[in-house]
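Data file: start.cif. Format and content: mmCIF, C-alpha atoms.
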```cif
data_upload
#
loop_
_atom_site.label_atom_id
_atom_site.label_comp_id
_atom_site.auth_asym_id
_atom_site.auth_seq_id
_atom_site.Cartn_x
_atom_site.Cartn_y
_atom_site.Cartn_z
CA MET W 1071 72.75 115.52 93.75
CA ASN W 1072 76.02 115.49 91.77
CA LEU W 1073 78.55 112.67 91.88
CA ILE W 1074 80.90 114.41 94.32
CA ASP W 1075 78.11 115.03 96.84
CA ARG W 1076 76.88 111.48 96.45
CA ASP W 1077 80.43 110.20 96.97
CA LEU W 1078 80.97 112.24 100.12
CA LYS W 1079 77.69 110.96 101.51
CA VAL W 1080 78.57 107.26 101.26
CA ILE W 1081 82.30 106.73 100.54
CA TRP W 1082 85.31 106.54 102.86
CA HIS W 1083 88.46 107.02 100.76
CA PRO W 1084 91.87 105.40 101.46
CA TYR W 1085 94.69 107.34 103.10
CA THR W 1086 92.38 110.32 103.37
CA GLN W 1087 91.43 112.54 106.29
CA MET W 1088 87.86 112.98 105.15
CA LYS W 1089 87.27 116.13 107.23
CA THR W 1090 90.01 118.19 105.60
CA ALA W 1091 90.59 116.56 102.21
CA LEU W 1092 89.71 118.21 98.93
CA PRO W 1093 86.60 116.79 97.23
CA PRO W 1094 87.40 113.78 95.01
CA ILE W 1095 87.66 114.32 91.26
CA PRO W 1096 85.13 112.30 89.25
CA ILE W 1097 86.95 110.41 86.49
CA ILE W 1098 84.84 109.05 83.65
CA ARG W 1099 87.37 107.52 81.27
CA GLY W 1100 91.02 106.81 80.61
CA GLU W 1101 93.17 106.54 77.53
CA GLY W 1102 96.90 105.92 77.35
CA ALA W 1103 98.72 107.80 80.10
CA CYS W 1104 95.76 110.11 80.68
CA LEU W 1105 92.53 110.27 82.66
CA PHE W 1106 89.56 112.52 81.92
CA ASP W 1107 87.11 114.01 84.41
CA GLU W 1108 83.40 114.67 83.98
CA ASN W 1109 84.10 118.14 82.61
CA GLY W 1110 86.48 116.81 79.97
CA LYS W 1111 89.66 117.99 81.70
CA ARG W 1112 92.66 115.80 80.96
CA TYR W 1113 95.10 114.65 83.64
CA ILE W 1114 98.43 112.99 82.86
CA ASP W 1115 98.63 110.06 85.28
CA ALA W 1116 102.28 110.49 86.21
CA VAL W 1117 102.02 108.06 89.15
CA SER W 1118 100.31 105.22 87.25
CA SER W 1119 97.30 105.32 89.59
CA TRP W 1120 99.24 104.16 92.66
CA TRP W 1121 101.95 102.46 90.60
CA VAL W 1122 99.74 99.79 89.03
CA ASN W 1123 99.13 100.96 85.46
CA ILE W 1124 102.10 100.04 83.30
CA HIS W 1125 100.61 99.92 79.78
CA GLY W 1126 98.10 102.78 79.87
CA HIS W 1127 94.45 103.12 80.76
CA ALA W 1128 91.69 101.14 79.03
CA HIS W 1129 94.23 99.26 76.93
CA PRO W 1130 92.27 97.66 74.08
CA TYR W 1131 94.25 94.42 74.06
CA ILE W 1132 93.73 93.78 77.78
CA ALA W 1133 90.07 94.75 77.44
CA GLN W 1134 89.67 92.28 74.58
CA LYS W 1135 91.18 89.39 76.53
CA VAL W 1136 89.13 90.17 79.63
CA SER W 1137 85.97 90.34 77.52
CA GLU W 1138 86.73 86.98 75.92
CA GLN W 1139 87.29 85.39 79.33
CA LEU W 1140 84.05 86.81 80.72
CA LYS W 1141 82.15 84.86 78.10
CA LYS W 1142 83.83 81.57 79.06
CA LEU W 1143 84.42 81.43 82.83
CA GLU W 1144 84.13 84.20 85.40
CA HIS W 1145 85.27 82.25 88.48
CA VAL W 1146 85.77 78.82 90.01
CA ILE W 1147 86.81 77.81 93.50
CA PHE W 1148 90.56 77.17 93.42
CA ALA W 1149 90.63 74.53 96.16
CA GLY W 1150 90.25 71.21 94.39
CA PHE W 1151 89.83 72.84 90.95
CA THR W 1152 92.04 74.57 88.41
CA HIS W 1153 91.76 76.29 85.04
CA GLU W 1154 93.92 76.83 81.98
CA GLY W 1155 94.66 80.50 82.62
CA ALA W 1156 96.02 79.98 86.14
CA VAL W 1157 98.36 77.21 84.98
CA GLU W 1158 99.55 79.10 81.90
CA LEU W 1159 100.22 82.34 83.79
CA ALA W 1160 102.22 80.46 86.43
CA GLU W 1161 104.23 78.67 83.73
CA ARG W 1162 104.99 81.90 81.91
CA LEU W 1163 105.97 83.85 85.02
CA LEU W 1164 108.29 81.13 86.25
CA GLU W 1165 110.12 81.39 82.93
CA ILE W 1166 111.04 85.06 83.44
CA ILE W 1167 111.59 85.47 87.20
CA PRO W 1168 114.73 84.15 89.00
CA GLY W 1169 115.20 80.51 88.10
CA ASN W 1170 115.06 79.04 91.60
CA GLN W 1171 111.36 79.90 91.87
CA GLN W 1172 109.29 76.78 91.24
CA LYS W 1173 105.79 77.19 92.68
CA VAL W 1174 103.11 79.88 92.43
CA PHE W 1175 100.52 80.65 95.12
CA TYR W 1176 97.73 83.02 94.05
CA SER W 1177 96.10 85.69 96.20
CA ASP W 1178 94.42 89.00 95.43
CA ASN W 1179 96.68 92.00 96.21
CA GLY W 1180 100.15 93.02 97.33
CA SER W 1181 99.47 92.93 101.06
CA THR W 1182 98.09 89.41 100.90
CA ALA W 1183 100.97 88.27 98.70
CA VAL W 1184 103.25 89.41 101.54
CA GLU W 1185 101.03 87.75 104.17
CA VAL W 1186 101.37 84.46 102.27
CA ALA W 1187 105.16 84.85 102.11
CA ILE W 1188 105.45 85.46 105.86
CA LYS W 1189 103.22 82.49 106.67
CA MET W 1190 105.21 80.29 104.29
CA CYS W 1191 108.43 81.15 106.11
CA LEU W 1192 107.10 80.79 109.63
CA GLN W 1193 105.35 77.51 108.90
CA TYR W 1194 108.35 76.23 106.93
CA TRP W 1195 110.37 76.20 110.15
CA HIS W 1196 107.41 74.95 112.19
CA ASN W 1197 106.95 72.03 109.80
CA LYS W 1198 110.64 71.22 110.10
CA GLY W 1199 110.39 71.19 113.89
CA GLU W 1200 112.52 74.31 114.44
CA ASN W 1201 111.40 77.23 116.60
CA ARG W 1202 112.49 80.06 114.34
CA THR W 1203 110.04 82.96 114.54
CA LYS W 1204 112.08 86.17 114.32
CA ILE W 1205 111.76 88.29 111.20
CA GLN W 1206 114.16 90.95 109.99
CA ALA W 1207 113.26 93.86 107.72
CA PHE W 1208 114.60 97.24 106.70
CA LYS W 1209 113.81 100.45 108.54
CA ASN W 1210 111.29 102.62 106.62
CA ALA W 1211 109.97 99.52 104.86
CA TYR W 1212 106.41 99.35 103.58
CA HIS W 1213 104.93 95.95 102.75
CA GLY W 1214 101.18 96.55 103.02
CA ASP W 1215 98.31 97.37 105.32
CA THR W 1216 97.09 93.99 106.59
CA PHE W 1217 98.41 93.03 110.02
CA GLY W 1218 101.29 90.79 109.02
CA ALA W 1219 102.34 93.19 106.28
CA MET W 1220 102.12 96.10 108.73
CA ALA W 1221 104.21 94.22 111.27
CA VAL W 1222 107.13 93.87 108.84
CA SER W 1223 106.77 97.51 107.76
CA GLY W 1224 108.60 100.29 109.54
CA ARG W 1225 106.85 101.74 112.56
CA SER W 1226 105.32 105.09 111.63
CA ALA W 1227 102.17 107.17 111.86
CA PHE W 1228 100.58 104.57 109.55
CA THR W 1229 100.99 101.83 112.17
CA ALA W 1230 100.85 103.87 115.40
CA ALA W 1231 97.30 102.86 116.38
CA PHE W 1232 98.24 99.19 116.08
CA ASP W 1233 101.87 99.07 117.26
CA SER W 1234 101.08 97.20 120.48
CA LEU W 1235 99.29 94.50 118.48
CA LEU W 1236 102.01 93.88 115.88
CA PHE W 1237 104.52 91.07 116.29
CA GLU W 1238 108.10 92.00 117.02
CA VAL W 1239 110.42 92.54 114.07
CA GLU W 1240 114.10 93.45 114.05
CA PHE W 1241 114.59 96.44 111.77
CA ILE W 1242 117.99 97.09 110.26
CA ASP W 1243 119.44 99.94 108.21
CA LEU W 1244 119.67 99.84 104.44
CA PRO W 1245 123.06 98.38 103.50
CA ASN W 1246 125.96 100.51 102.32
CA GLU W 1247 129.73 100.35 102.29
CA SER W 1248 130.14 101.65 105.83
CA ASN W 1249 127.56 99.47 107.61
CA ILE W 1250 127.48 96.17 105.71
CA LYS W 1251 129.82 94.44 108.16
CA ASN W 1252 127.73 95.48 111.15
CA LEU W 1253 124.49 94.44 109.43
CA LYS W 1254 125.90 90.98 108.86
CA SER W 1255 126.67 90.76 112.58
CA GLN W 1256 123.11 91.76 113.43
CA ILE W 1257 121.80 89.04 111.16
CA SER W 1258 124.16 86.45 112.62
CA ASN W 1259 123.09 87.33 116.15
CA LEU W 1260 119.58 86.10 115.33
CA ARG W 1261 120.75 83.06 113.40
CA SER W 1262 119.33 80.39 115.70
CA ASN W 1263 115.78 81.78 115.75
CA ALA W 1264 115.60 83.91 112.58
CA ALA W 1265 112.85 82.78 110.23
CA CYS W 1266 113.34 85.19 107.35
CA PHE W 1267 114.47 88.54 106.03
CA ILE W 1268 112.00 90.56 103.92
CA PHE W 1269 112.96 93.51 101.75
CA GLU W 1270 111.92 95.78 98.90
CA PRO W 1271 114.74 95.34 96.39
CA LEU W 1272 116.59 98.57 95.42
CA VAL W 1273 113.71 101.00 96.08
CA GLN W 1274 111.57 101.55 99.18
CA GLY W 1275 108.43 102.99 97.62
CA ALA W 1276 106.06 104.37 100.26
CA GLY W 1277 109.02 105.05 102.54
CA GLY W 1278 109.92 107.95 100.25
CA MET W 1279 111.36 106.33 97.11
CA ILE W 1280 114.51 105.57 99.09
CA MET W 1281 117.09 103.87 96.88
CA TYR W 1282 120.13 101.74 97.67
CA GLU W 1283 122.80 99.81 95.80
CA ALA W 1284 122.24 96.30 94.49
CA LYS W 1285 125.74 95.07 95.39
CA TYR W 1286 125.15 95.57 99.11
CA LEU W 1287 121.75 93.88 98.98
CA ASP W 1288 123.44 91.01 97.17
CA GLU W 1289 126.04 90.75 99.92
CA LEU W 1290 123.39 90.88 102.63
CA MET W 1291 121.30 88.17 100.98
CA ALA W 1292 124.34 85.95 100.54
CA HIS W 1293 125.03 86.28 104.26
CA CYS W 1294 121.41 85.41 105.11
CA HIS W 1295 121.65 82.27 103.02
CA LYS W 1296 124.97 81.38 104.62
CA GLU W 1297 123.24 81.60 108.01
CA GLY W 1298 120.28 79.53 106.80
CA ILE W 1299 117.83 82.46 106.87
CA LEU W 1300 115.09 82.57 104.23
CA THR W 1301 114.76 85.73 102.11
CA ILE W 1302 111.60 87.36 100.75
CA ALA W 1303 111.82 89.80 97.86
CA ASP W 1304 108.77 92.07 97.84
CA GLU W 1305 108.54 93.01 94.14
CA VAL W 1306 104.95 94.22 94.39
CA PHE W 1307 106.13 97.72 93.44
CA THR W 1308 109.45 97.11 91.69
CA GLY W 1309 108.36 94.23 89.45
CA PHE W 1310 107.56 94.38 85.74
CA GLY W 1311 110.12 96.90 84.59
CA ARG W 1312 109.91 99.72 87.11
CA THR W 1313 113.62 99.60 87.95
CA GLY W 1314 114.78 99.38 84.32
CA LYS W 1315 115.07 95.61 84.25
CA PRO W 1316 112.15 93.15 84.24
CA PHE W 1317 112.53 92.65 87.99
CA ALA W 1318 114.67 94.38 90.59
CA CYS W 1319 116.15 91.01 91.55
CA ASN W 1320 117.69 90.88 88.06
CA TYR W 1321 120.31 93.30 89.41
CA ILE W 1322 121.60 90.82 91.99
CA ALA W 1323 123.30 87.43 91.80
CA GLU W 1324 121.68 85.94 94.91
CA GLN W 1325 118.19 84.57 94.39
CA PRO W 1326 115.45 85.06 96.98
CA ASP W 1327 113.65 82.09 98.46
CA ILE W 1328 110.25 83.74 98.03
CA MET W 1329 108.97 86.56 95.81
CA CYS W 1330 105.79 88.67 96.00
CA PHE W 1331 104.00 90.29 93.05
CA SER W 1332 100.92 92.44 92.40
CA LYS W 1333 100.36 96.04 91.11
CA GLY W 1334 101.69 95.88 87.51
CA LEU W 1335 100.90 92.16 87.33
CA THR W 1336 97.58 92.84 85.58
CA GLY W 1337 98.67 96.07 83.94
CA GLY W 1338 96.60 97.89 86.55
CA THR W 1339 93.36 96.41 85.26
CA MET W 1340 92.17 94.63 88.42
CA ALA W 1341 93.36 93.12 91.66
CA LEU W 1342 95.58 90.03 91.63
CA GLY W 1343 98.49 88.95 93.76
CA LEU W 1344 100.83 86.00 93.78
CA THR W 1345 103.67 84.61 95.83
CA THR W 1346 106.33 82.33 94.37
CA CYS W 1347 108.70 80.04 96.23
CA THR W 1348 111.46 77.50 95.79
CA GLN W 1349 110.90 73.75 95.61
CA TYR W 1350 112.41 73.14 99.07
CA ILE W 1351 109.96 75.51 100.72
CA TYR W 1352 107.07 73.79 98.95
CA ASP W 1353 108.44 70.38 99.92
CA ALA W 1354 108.36 71.31 103.62
CA PHE W 1355 104.56 71.34 103.37
CA LEU W 1356 104.26 67.96 101.61
CA SER W 1357 103.27 65.42 104.23
CA ASP W 1358 100.80 62.74 105.23
CA ASP W 1359 100.20 64.98 108.22
CA ARG W 1360 97.42 67.38 107.24
CA LEU W 1361 98.51 69.81 109.95
CA LYS W 1362 101.47 70.67 107.72
CA THR W 1363 99.12 72.14 105.08
CA LEU W 1364 99.45 75.82 104.25
CA PHE W 1365 96.08 76.94 105.58
CA HIS W 1366 95.62 80.06 103.52
CA GLY W 1367 93.26 81.02 100.72
CA HIS W 1368 90.97 83.66 99.28
CA SER W 1369 87.52 83.41 97.73
CA PHE W 1370 88.85 84.93 94.51
CA THR W 1371 92.13 83.01 94.38
CA ALA W 1372 93.35 82.78 90.76
CA ASN W 1373 90.20 84.46 89.49
CA PRO W 1374 90.05 83.64 85.74
CA ILE W 1375 89.20 87.21 84.72
CA ALA W 1376 92.08 88.71 86.70
CA VAL W 1377 94.39 86.01 85.35
CA SER W 1378 93.33 86.82 81.79
CA ALA W 1379 94.21 90.47 82.41
CA ALA W 1380 97.60 89.40 83.80
CA MET W 1381 98.37 87.25 80.77
CA ALA W 1382 97.39 90.06 78.40
CA SER W 1383 99.57 92.45 80.40
CA LEU W 1384 102.42 89.93 80.23
CA ASP W 1385 102.04 89.73 76.43
CA LEU W 1386 102.46 93.49 76.25
CA PHE W 1387 105.29 93.53 78.77
CA LEU W 1388 107.31 90.97 76.80
CA ASP W 1389 106.87 92.87 73.54
CA PRO W 1390 110.27 94.44 72.71
CA SER W 1391 108.64 97.86 72.35
CA THR W 1392 107.86 97.93 76.07
CA MET W 1393 111.49 97.64 77.09
CA GLU W 1394 112.30 100.30 74.50
CA ASN W 1395 109.77 102.59 76.18
CA ILE W 1396 111.21 101.79 79.60
CA LYS W 1397 114.67 102.80 78.40
CA ARG W 1398 113.24 105.93 76.75
CA ILE W 1399 111.61 107.02 80.02
CA GLU W 1400 114.76 106.15 81.96
CA ASN W 1401 116.87 108.33 79.65
CA SER W 1402 114.34 111.19 79.77
CA HIS W 1403 114.34 111.10 83.56
CA ARG W 1404 118.12 111.17 83.60
CA LYS W 1405 118.27 114.25 81.36
CA PHE W 1406 115.67 116.07 83.43
CA ALA W 1407 117.44 115.14 86.67
CA SER W 1408 120.68 116.61 85.32
CA LYS W 1409 118.81 119.78 84.34
CA VAL W 1410 117.30 120.50 87.77
CA LYS W 1411 120.05 119.03 89.93
CA GLY W 1412 121.58 121.77 92.01
CA HIS W 1413 118.44 123.87 92.10
CA PRO W 1414 118.27 125.53 95.53
CA LYS W 1415 114.83 124.06 96.18
CA ILE W 1416 115.92 120.50 95.38
CA LYS W 1417 117.53 118.83 98.39
CA THR W 1418 118.25 115.51 96.67
CA ILE W 1419 117.29 113.84 93.42
CA ARG W 1420 117.51 110.11 92.77
CA GLN W 1421 116.59 107.67 90.05
CA THR W 1422 116.27 103.95 89.48
CA GLY W 1423 114.91 102.98 86.06
CA THR W 1424 111.56 104.67 85.41
CA ILE W 1425 111.36 105.95 89.00
CA LEU W 1426 112.50 109.55 89.52
CA ALA W 1427 112.23 111.13 92.97
CA MET W 1428 113.00 114.69 94.05
CA GLU W 1429 113.16 115.78 97.67
CA TRP W 1430 111.99 119.37 98.04
CA GLN W 1431 114.05 121.60 100.32
CA THR W 1432 111.85 122.70 103.23
CA GLY W 1433 114.36 123.44 105.97
CA THR W 1434 112.97 120.55 108.00
CA ASP W 1435 113.30 116.78 107.94
CA THR W 1436 111.52 114.77 105.28
CA SER W 1437 108.02 113.94 106.43
CA TYR W 1438 104.94 112.34 104.88
CA PHE W 1439 102.87 115.01 106.68
CA ASN W 1440 104.84 118.00 105.43
CA SER W 1441 102.35 120.73 104.50
CA LEU W 1442 104.13 121.26 101.20
CA ARG W 1443 102.55 118.03 100.01
CA ASP W 1444 99.04 119.51 99.77
CA ILE W 1445 100.30 122.66 98.08
CA LEU W 1446 102.20 120.73 95.42
CA TYR W 1447 99.41 118.20 94.90
CA SER W 1448 96.86 120.92 94.18
CA TYR W 1449 99.30 122.88 92.02
CA PHE W 1450 99.91 119.91 89.73
CA LEU W 1451 96.23 118.94 89.59
CA ASP W 1452 95.37 122.46 88.44
CA ALA W 1453 97.95 121.98 85.70
CA GLY W 1454 96.42 118.66 84.63
CA VAL W 1455 99.10 116.40 86.14
CA ILE W 1456 98.56 113.72 88.78
CA LEU W 1457 101.61 113.74 91.04
CA ARG W 1458 100.95 112.53 94.57
CA PRO W 1459 103.94 113.69 96.67
CA LEU W 1460 105.12 111.62 99.61
CA GLY W 1461 105.31 114.62 101.93
CA ASN W 1462 107.98 116.83 100.39
CA ILE W 1463 109.13 114.13 97.95
CA ILE W 1464 107.83 114.41 94.40
CA TYR W 1465 108.17 111.32 92.28
CA ILE W 1466 107.39 110.53 88.64
CA LEU W 1467 106.34 106.96 87.86
CA PRO W 1468 104.43 106.98 84.57
CA PRO W 1469 102.86 104.25 82.44
CA TYR W 1470 105.35 103.03 79.85
CA CYS W 1471 103.16 104.34 77.03
CA ILE W 1472 103.56 107.98 78.10
CA THR W 1473 104.69 110.08 75.14
CA ASP W 1474 107.75 112.33 75.09
CA THR W 1475 105.41 115.31 74.78
CA GLU W 1476 103.49 114.25 77.88
CA LEU W 1477 106.70 113.63 79.81
CA ASP W 1478 108.07 117.03 78.81
CA TYR W 1479 104.84 118.63 80.01
CA VAL W 1480 105.20 116.94 83.41
CA TYR W 1481 108.82 118.07 83.66
CA SER W 1482 107.87 121.63 82.69
CA LYS W 1483 105.22 121.81 85.41
CA ILE W 1484 107.75 120.69 87.99
CA GLU W 1485 110.10 123.44 86.80
CA HIS W 1486 107.24 125.95 87.05
CA ALA W 1487 106.55 124.74 90.59
CA LEU W 1488 110.18 125.30 91.49
CA GLN W 1489 109.74 128.90 90.39
CA ASP W 1490 106.27 129.56 91.78
CA ILE W 1491 106.20 127.80 95.15
#
```

In structure tokens, what does this structure look like?
Amino acid sequence: MNLIDRDLKVIWHPYTQMKTALPPIPIIRGEGACLFDENGKRYIDAVSSWWVNIHGHAHPYIAQKVSEQLKKLEHVIFAGFTHEGAVELAERLLEIIPGNQQKVFYSDNGSTAVEVAIKMCLQYWHNKGENRTKIQAFKNAYHGDTFGAMAVSGRSAFTAAFDSLLFEVEFIDLPNESNIKNLKSQISNLRSNAACFIFEPLVQGAGGMIMYEAKYLDELMAHCHKEGILTIADEVFTGFGRTGKPFACNYIAEQPDIMCFSKGLTGGTMALGLTTCTQYIYDAFLSDDRLKTLFHGHSFTANPIAVSAAMASLDLFLDPSTMENIKRIENSHRKFASKVKGHPKIKTIRQTGTILAMEWQTGTDTSYFNSLRDILYSYFLDAGVILRPLGNIIYILPPYCITDTELDYVYSKIEHALQDI
């Protein structure tokens, strides 16, 4: 029995209707921006394997550091114990994220990093003796697939089976010049019982790579802080250079009370999440009363191997050549966007940093379930390019090591698709 048949016999894949999906492609190795299947076919990973791989596959430096750590310490319970890597990574991250962040709480993926943030906010007010339980978020948001993360994500087909079980959230529009005044009023109306406002800064990823201006987010955050409402910046997707700066929050003057990280944190090597917060949030949990403890944890909290991958990834991220590559990709995207803008099959095209998104003209509303998605996905796979459209929205989000030749090939296949489909 070959690998595909064995897979289909025992595996249930994510976000996949197993009855109608194409058979999975067996991948045996990766190198740089590319993956190779069992027949030797090369695929350019133009979506960074679900946005996690920022330095390229099987990076030798990360592999070396992980190997060294495996020979020293594979894991230790993180309640009542610590280790050098966890402390050093926290110290180094706090040096480069917004300066009001003072404490690091480890978890193991983006959804749980968001869960921690929500629980921090809700219990912050509980510990202070205030009944503030309402949460505000943006429409079309996506913050993860665990229950708390689903609750603060926009209601959609993804959440439909669970809608009656999710806690109530007030969803507001993305801010712009015409609605910012009204949005502030909506926020103020919940002032007395609002616990927090959670957002994806500048780019809503799974919602369709929807982008909005930093200045209006800045204004909205400032208003939240004026009203005493905590803010959570979900940088799981946007962190570590995706938006053209180290973090999307670098574009705004206001600083969030809490930040969430994962995906590119380990360079895509393995799962790790973390949530950072200000000193005053941390202080609300310091008490002789043990009931004010943050009762949250994971078996693999601050796993030493994952932390070693994160520190190696951070070394690479802080190398000046990485930001040069980010700017190179950003400029390449901009030139390509100018080239295809106005094409009759392109409804809209938008860019933030290394993220380029094109909405394909279908004559209908944008939808994750648009049938064009499967056609385009297969077309690009046949051409040796991994592009996973969000319905009729194609986006390019490559590892920073992608070469100009590889980028040009991806662009050319999109141009061919515009002609052929």

Counting only C-alpha atoms, which residues sit no farther than 12 Å from the position (90.6, 87.7, 80.2) in the file's frame? I'd like them as a VMD selection string.
chain W and resid 1130 to 1145 1154 to 1156 1159 1336 1339 to 1340 1372 to 1383

Could those selected residues go to a file with C-alpha atoms, as a PDB file, in the coordinates of the input?
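Final file, result26.pdb:
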```pdb
ATOM      1  CA  PRO W1130      92.270  97.660  74.080  1.00  0.00           C
ATOM      2  CA  TYR W1131      94.250  94.420  74.060  1.00  0.00           C
ATOM      3  CA  ILE W1132      93.730  93.780  77.780  1.00  0.00           C
ATOM      4  CA  ALA W1133      90.070  94.750  77.440  1.00  0.00           C
ATOM      5  CA  GLN W1134      89.670  92.280  74.580  1.00  0.00           C
ATOM      6  CA  LYS W1135      91.180  89.390  76.530  1.00  0.00           C
ATOM      7  CA  VAL W1136      89.130  90.170  79.630  1.00  0.00           C
ATOM      8  CA  SER W1137      85.970  90.340  77.520  1.00  0.00           C
ATOM      9  CA  GLU W1138      86.730  86.980  75.920  1.00  0.00           C
ATOM     10  CA  GLN W1139      87.290  85.390  79.330  1.00  0.00           C
ATOM     11  CA  LEU W1140      84.050  86.810  80.720  1.00  0.00           C
ATOM     12  CA  LYS W1141      82.150  84.860  78.100  1.00  0.00           C
ATOM     13  CA  LYS W1142      83.830  81.570  79.060  1.00  0.00           C
ATOM     14  CA  LEU W1143      84.420  81.430  82.830  1.00  0.00           C
ATOM     15  CA  GLU W1144      84.130  84.200  85.400  1.00  0.00           C
ATOM     16  CA  HIS W1145      85.270  82.250  88.480  1.00  0.00           C
ATOM     17  CA  GLU W1154      93.920  76.830  81.980  1.00  0.00           C
ATOM     18  CA  GLY W1155      94.660  80.500  82.620  1.00  0.00           C
ATOM     19  CA  ALA W1156      96.020  79.980  86.140  1.00  0.00           C
ATOM     20  CA  LEU W1159     100.220  82.340  83.790  1.00  0.00           C
ATOM     21  CA  THR W1336      97.580  92.840  85.580  1.00  0.00           C
ATOM     22  CA  THR W1339      93.360  96.410  85.260  1.00  0.00           C
ATOM     23  CA  MET W1340      92.170  94.630  88.420  1.00  0.00           C
ATOM     24  CA  ALA W1372      93.350  82.780  90.760  1.00  0.00           C
ATOM     25  CA  ASN W1373      90.200  84.460  89.490  1.00  0.00           C
ATOM     26  CA  PRO W1374      90.050  83.640  85.740  1.00  0.00           C
ATOM     27  CA  ILE W1375      89.200  87.210  84.720  1.00  0.00           C
ATOM     28  CA  ALA W1376      92.080  88.710  86.700  1.00  0.00           C
ATOM     29  CA  VAL W1377      94.390  86.010  85.350  1.00  0.00           C
ATOM     30  CA  SER W1378      93.330  86.820  81.790  1.00  0.00           C
ATOM     31  CA  ALA W1379      94.210  90.470  82.410  1.00  0.00           C
ATOM     32  CA  ALA W1380      97.600  89.400  83.800  1.00  0.00           C
ATOM     33  CA  MET W1381      98.370  87.250  80.770  1.00  0.00           C
ATOM     34  CA  ALA W1382      97.390  90.060  78.400  1.00  0.00           C
ATOM     35  CA  SER W1383      99.570  92.450  80.400  1.00  0.00           C
TER      36      SER W1383
END
```

Could you spell out the hits of the PyMOL selection byres ((chain W and resi 1290) around 8) on the shown file, as a PyMOL selection string?
chain W and resi 1245+1250+1253-1254+1286-1289+1291-1294

Using the chain letters and numbers from this file, what does the PyMOL selection byres ((chain W and resi 1085) around 12) select? Give the answer as a VMD selection string.
chain W and resid 1082 to 1084 1086 to 1088 1091 1120 1215 1227 to 1228 1438 to 1439 1458 1460

Between CA of Tyr1479 in chain W and CA of Thr1424 in chain W, what is the distance in Å, rounded to a tenth?
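It comes out at 16.4 Å.
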
Could you work out an axis-aligned box for range 1163-1176 of chain W, taking every atom the file lists and adding 8 Å on each side, and report centre and edge lengths in Å to one decimal, as AutoDock Vina command-line options?
```
--center_x 106.5 --center_y 81.1 --center_z 89.0 --size_x 33.5 --size_y 24.7 --size_z 28.2
```

Exercise: Ser1258 in chain W partners within 12 Å, only C-alpha atoms, chain neighbours under 4 positions left out, as a list in words:
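Contacts, in chain order: Gln1206, Lys1251, Asn1252, Leu1253, Lys1254, Ser1262, Asn1263, Ala1264, Phe1267, Leu1290, His1293, Cys1294, His1295, Lys1296, Glu1297, Gly1298 and Ile1299 of chain W.
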
Rank W:Ala1323, W:Ile1095, W:Ile1466, W:Ile1188 by their smallest atom-to-atom distance to Asp1075 in chain W, using only C-alpha atoms, and report the top residue only.
W:Ile1095

Report, in Å with one decimal, the straight-line distance from CA of Arg1420 in chain W to CA of Ala1230 in chain W.
28.8 Å

Considering all atoms listed in the file, can you say which of W:Pro1414, W:Pro1168, W:Gly1100, W:Gly1311 comes closest to Ile1328 in chain W?
W:Pro1168

Looking at W:Arg1112, W:His1125, W:Lys1285, W:His1213, which one is nearest to Glu1185 in chain W, with distances taken over all atoms listed in the file?
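Using all atoms listed in the file, the shortest distance to Glu1185 in chain W belongs to W:His1213.
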
Name the residues in contact with Gln1489 in chain W at a cut-off of 12 Å, using all atoms listed in the file, excluding same-chain residues fewer than 6 positions from it; report them as number ranges by chain.
W: 1410, 1413-1416, 1482-1483

Just checking: using all atoms listed in the file, which residue out of W:Ala1427, W:Leu1342, W:Ala1116, W:Leu1105 ends up closest to Ser1177 in chain W?
W:Leu1342

Surrounding residues of Asp1474 in chain W excluding itself and chain neighbours under 4 positions, 9 Å, all atoms listed in the file, as number ranges by chain:
W: 1398-1399, 1402, 1478-1479

From CA of Ile1124 in chain W to CA of Ile1098 in chain W the spacing works out at 19.5 Å
